[in-house]
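Heads up, structure-v7.pdb below (PDB, C-alpha atoms):
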ATOM      1  CA  MET A 148      -4.393 -49.814   7.278
ATOM      2  CA  SER A 149      -2.638 -50.785   4.129
ATOM      3  CA  THR A 150       0.951 -51.481   3.228
ATOM      4  CA  VAL A 151       2.103 -48.849   0.741
ATOM      5  CA  SER A 152       5.476 -47.208   0.221
ATOM      6  CA  PRO A 153       6.721 -44.946   3.026
ATOM      7  CA  ARG A 154       7.163 -42.089   0.550
ATOM      8  CA  ARG A 155       3.594 -42.468  -0.731
ATOM      9  CA  SER A 156       2.356 -42.287   2.859
ATOM     10  CA  GLN A 157       4.390 -39.132   3.486
ATOM     11  CA  LEU A 158       3.064 -37.455   0.334
ATOM     12  CA  LEU A 159      -0.513 -38.359   1.193
ATOM     13  CA  ALA A 160      -0.019 -37.045   4.740
ATOM     14  CA  GLU A 161       1.159 -33.715   3.301
ATOM     15  CA  ARG A 162      -1.969 -33.481   1.134
ATOM     16  CA  VAL A 163      -4.229 -34.371   4.062
ATOM     17  CA  ASP A 164      -2.463 -31.824   6.279
ATOM     18  CA  ALA A 165      -2.952 -29.126   3.622
ATOM     19  CA  LEU A 166      -6.689 -29.794   3.907
ATOM     20  CA  GLY A 167      -6.550 -29.268   7.669
ATOM     21  CA  ALA A 168      -6.927 -32.926   8.633
ATOM     22  CA  GLN A 169      -4.591 -35.564  10.038
ATOM     23  CA  MET A 170      -3.810 -39.107   9.013
ATOM     24  CA  LEU A 171      -1.817 -42.027  10.284
ATOM     25  CA  ASP A 172      -0.131 -44.872   8.468
ATOM     26  CA  ALA A 173      -0.849 -48.075  10.328
ATOM     27  CA  PRO A 174       0.317 -51.241   8.587
ATOM     28  CA  VAL A 175      -0.353 -54.476  10.408
ATOM     29  CA  SER A 176       1.375 -57.753  11.034
ATOM     30  CA  GLY A 177      -1.086 -60.591  10.868
ATOM     31  CA  SER A 178      -3.823 -61.810   8.582
ATOM     32  CA  VAL A 179      -7.560 -62.463   8.606
ATOM     33  CA  PRO A 180      -7.573 -64.752  11.675
ATOM     34  CA  GLN A 181      -5.649 -62.177  13.720
ATOM     35  CA  ALA A 182      -7.938 -59.383  12.514
ATOM     36  CA  GLU A 183     -11.006 -61.403  13.491
ATOM     37  CA  SER A 184      -9.607 -62.178  16.938
ATOM     38  CA  GLY A 185      -8.255 -58.650  17.537
ATOM     39  CA  THR A 186      -4.654 -59.807  17.859
ATOM     40  CA  LEU A 187      -2.987 -57.881  15.039
ATOM     41  CA  ALA A 188       0.285 -56.064  15.625
ATOM     42  CA  ILE A 189      -0.181 -52.478  14.422
ATOM     43  CA  MET A 190       2.773 -50.175  13.701
ATOM     44  CA  VAL A 191       1.617 -46.561  13.556
ATOM     45  CA  GLY A 192       3.340 -43.595  11.954
ATOM     46  CA  GLY A 193       2.085 -40.024  12.230
ATOM     47  CA  GLU A 194       1.535 -37.184  14.670
ATOM     48  CA  SER A 195       1.359 -38.094  18.363
ATOM     49  CA  GLN A 196      -1.934 -36.274  18.972
ATOM     50  CA  ALA A 197      -3.618 -38.060  16.042
ATOM     51  CA  PHE A 198      -2.346 -41.368  17.407
ATOM     52  CA  ALA A 199      -3.640 -40.574  20.905
ATOM     53  CA  ALA A 200      -7.078 -39.806  19.466
ATOM     54  CA  VAL A 201      -7.457 -43.197  17.777
ATOM     55  CA  GLU A 202      -5.336 -45.440  19.999
ATOM     56  CA  PRO A 203      -8.367 -46.923  21.844
ATOM     57  CA  LEU A 204      -9.935 -47.900  18.512
ATOM     58  CA  LEU A 205      -6.672 -49.438  17.289
ATOM     59  CA  HIS A 206      -6.527 -51.554  20.453
ATOM     60  CA  GLU A 207      -9.889 -53.040  19.447
ATOM     61  CA  LEU A 208      -8.210 -54.320  16.290
ATOM     62  CA  GLY A 209      -4.780 -55.180  17.584
ATOM     63  CA  GLN A 210      -3.182 -56.708  20.621
ATOM     64  CA  THR A 211       0.022 -54.744  20.081
ATOM     65  CA  VAL A 212      -0.312 -51.115  18.967
ATOM     66  CA  THR A 213       2.899 -49.100  18.773
ATOM     67  CA  HIS A 214       3.419 -45.493  17.694
ATOM     68  CA  VAL A 215       6.789 -45.677  15.941
ATOM     69  CA  GLY A 216       7.302 -42.099  14.745
ATOM     70  CA  THR A 217       6.322 -39.703  11.990
ATOM     71  CA  HIS A 218       4.501 -40.393   8.731
ATOM     72  CA  GLY A 219       6.043 -43.288   6.843
ATOM     73  CA  GLN A 220       7.762 -44.805   9.880
ATOM     74  CA  GLY A 221       5.064 -47.440  10.319
ATOM     75  CA  MET A 222       5.563 -48.445   6.702
ATOM     76  CA  LEU A 223       9.344 -48.570   7.103
ATOM     77  CA  LEU A 224       9.036 -50.814  10.146
ATOM     78  CA  LYS A 225       6.622 -53.119   8.303
ATOM     79  CA  LEU A 226       9.112 -53.391   5.416
ATOM     80  CA  ALA A 227      11.941 -54.134   7.855
ATOM     81  CA  VAL A 228       9.866 -56.882   9.504
ATOM     82  CA  ASN A 229       9.012 -58.396   6.109
ATOM     83  CA  ILE A 230      12.660 -58.343   4.994
ATOM     84  CA  SER A 231      13.734 -59.933   8.271
ATOM     85  CA  LEU A 232      11.152 -62.706   7.906
ATOM     86  CA  ALA A 233      12.246 -63.373   4.324
ATOM     87  CA  VAL A 234      15.909 -63.611   5.351
ATOM     88  CA  GLN A 235      15.074 -65.920   8.266
ATOM     89  CA  THR A 236      13.013 -68.160   5.990
ATOM     90  CA  LEU A 237      15.808 -68.333   3.429
ATOM     91  CA  ALA A 238      18.391 -69.102   6.118
ATOM     92  CA  SER A 239      16.196 -71.872   7.546
ATOM     93  CA  VAL A 240      15.697 -73.487   4.161
ATOM     94  CA  ARG A 241      19.418 -73.332   3.422
ATOM     95  CA  GLY A 242      20.145 -74.762   6.868
ATOM     96  CA  TYR A 243      17.855 -77.716   6.210
ATOM     97  CA  CYS A 244      19.648 -78.385   2.921
ATOM     98  CA  LEU A 245      23.181 -78.292   4.332
ATOM     99  CA  PRO A 246      23.198 -81.613   6.191
ATOM    100  CA  SER A 247      22.184 -83.615   3.132
ATOM    101  CA  ALA A 248      24.583 -81.706   0.865
ATOM    102  CA  GLY A 249      27.425 -82.054   3.360
ATOM    103  CA  ALA A 250      26.798 -85.766   3.887
ATOM    104  CA  SER A 251      26.833 -86.566   0.198
ATOM    105  CA  THR A 252      29.996 -84.500  -0.354
ATOM    106  CA  ARG A 253      31.752 -86.195   2.563
ATOM    107  CA  TYR A 254      30.612 -89.609   1.367
ATOM    108  CA  SER A 255      31.949 -88.894  -2.147
ATOM    109  CA  ARG A 256      35.359 -87.896  -0.756
ATOM    110  CA  LEU A 257      35.591 -91.066   1.324
ATOM    111  CA  ARG A 258      34.875 -93.257  -1.690
ATOM    112  CA  SER A 259      37.578 -91.575  -3.860
TER     113      SER A 259
END
Could you render the structure from this file as structure tokens?
Amino acid sequence: MSTVSPRRSQLLAERVDALGAQMLDAPVSGSVPQAESGTLAIMVGGESQAFAAVEPLLHELGQTVTHVGTHGQGMLLKLAVNISLAVQTLASVRGYCLPSAGASTRYSRLRS
């Protein structure tokens, strides 16, 4: 349950499969408080049967547990969520700055 690159997860899954075992990538959305309260959002990539075997355990850790596809897909979704949050944060900050910038520009034009 770590956030690593999707490609690294795929390569590791191939090595695990060659040994006759299965693995899942399962990055989470949330932090320590959500982990302690069992309310993480868990995005799982890997084989369906491996997911089915551990799904009850994952529900002990997370409120939302979603199998999103093959190996690496959980990681890709986590990256997409992080990028979306960063863009939303940037847009919000810029939005908060616009009124003051617009007011001072308008005020300067009126005084000219």
Practice task
Any chance you could resolve the PyMOL selection byres ((chain A and resi 212) around 9) against this file and give the residues as JSON, numbers by chain?
Solution key: {"A": [187, 188, 189, 190, 191, 202, 205, 206, 208, 209, 210, 211, 213, 214]}
Practice task
Find the distance between CA of Gly185 (chain A) and CA of Glu207 (chain A) and write it in Å to one decimal.
Solution key: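 Going from CA of Gly185 (chain A) over to CA of Glu207 (chain A) covers 6.1 Å.
Each of A:Leu166, A:Ser176, A:Ser184, A:Ala160 was checked against Asn229 (chain A) using only C-alpha atoms; the smallest atom-to-atom distance is that of A:Ser176.
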Problem - Polymer residues at most 10 Å from Leu158 (chain A), all atoms listed in the file, same-chain spacing of 5 or more positions, as a list in words - result: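 The residues that qualify are Pro153, Val163, Asp164, His218 and Gly219 of chain A.
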Exercise for the section: With the file shown as input, list the residues that the PyMOL selection byres ((chain A and resi 195-201) around 10) selects, as a ChimeraX atom specification. Expected result: /A:168-173,191-194,202-206,213-217
Problem - Atomic distance CA of Met222 (chain A) - CA of Ala238 (chain A), expressed in Å with one decimal - result: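 Calculated distance between CA of Met222 (chain A) and CA of Ala238 (chain A) is 24.3 Å.
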Practice task
Could you jot down the CA of Leu226 (chain A) to CA of Gln157 (chain A) separation for me, Å, one decimal place?
Solution key: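 Going from CA of Leu226 (chain A) over to CA of Gln157 (chain A), I get 15.1 Å.
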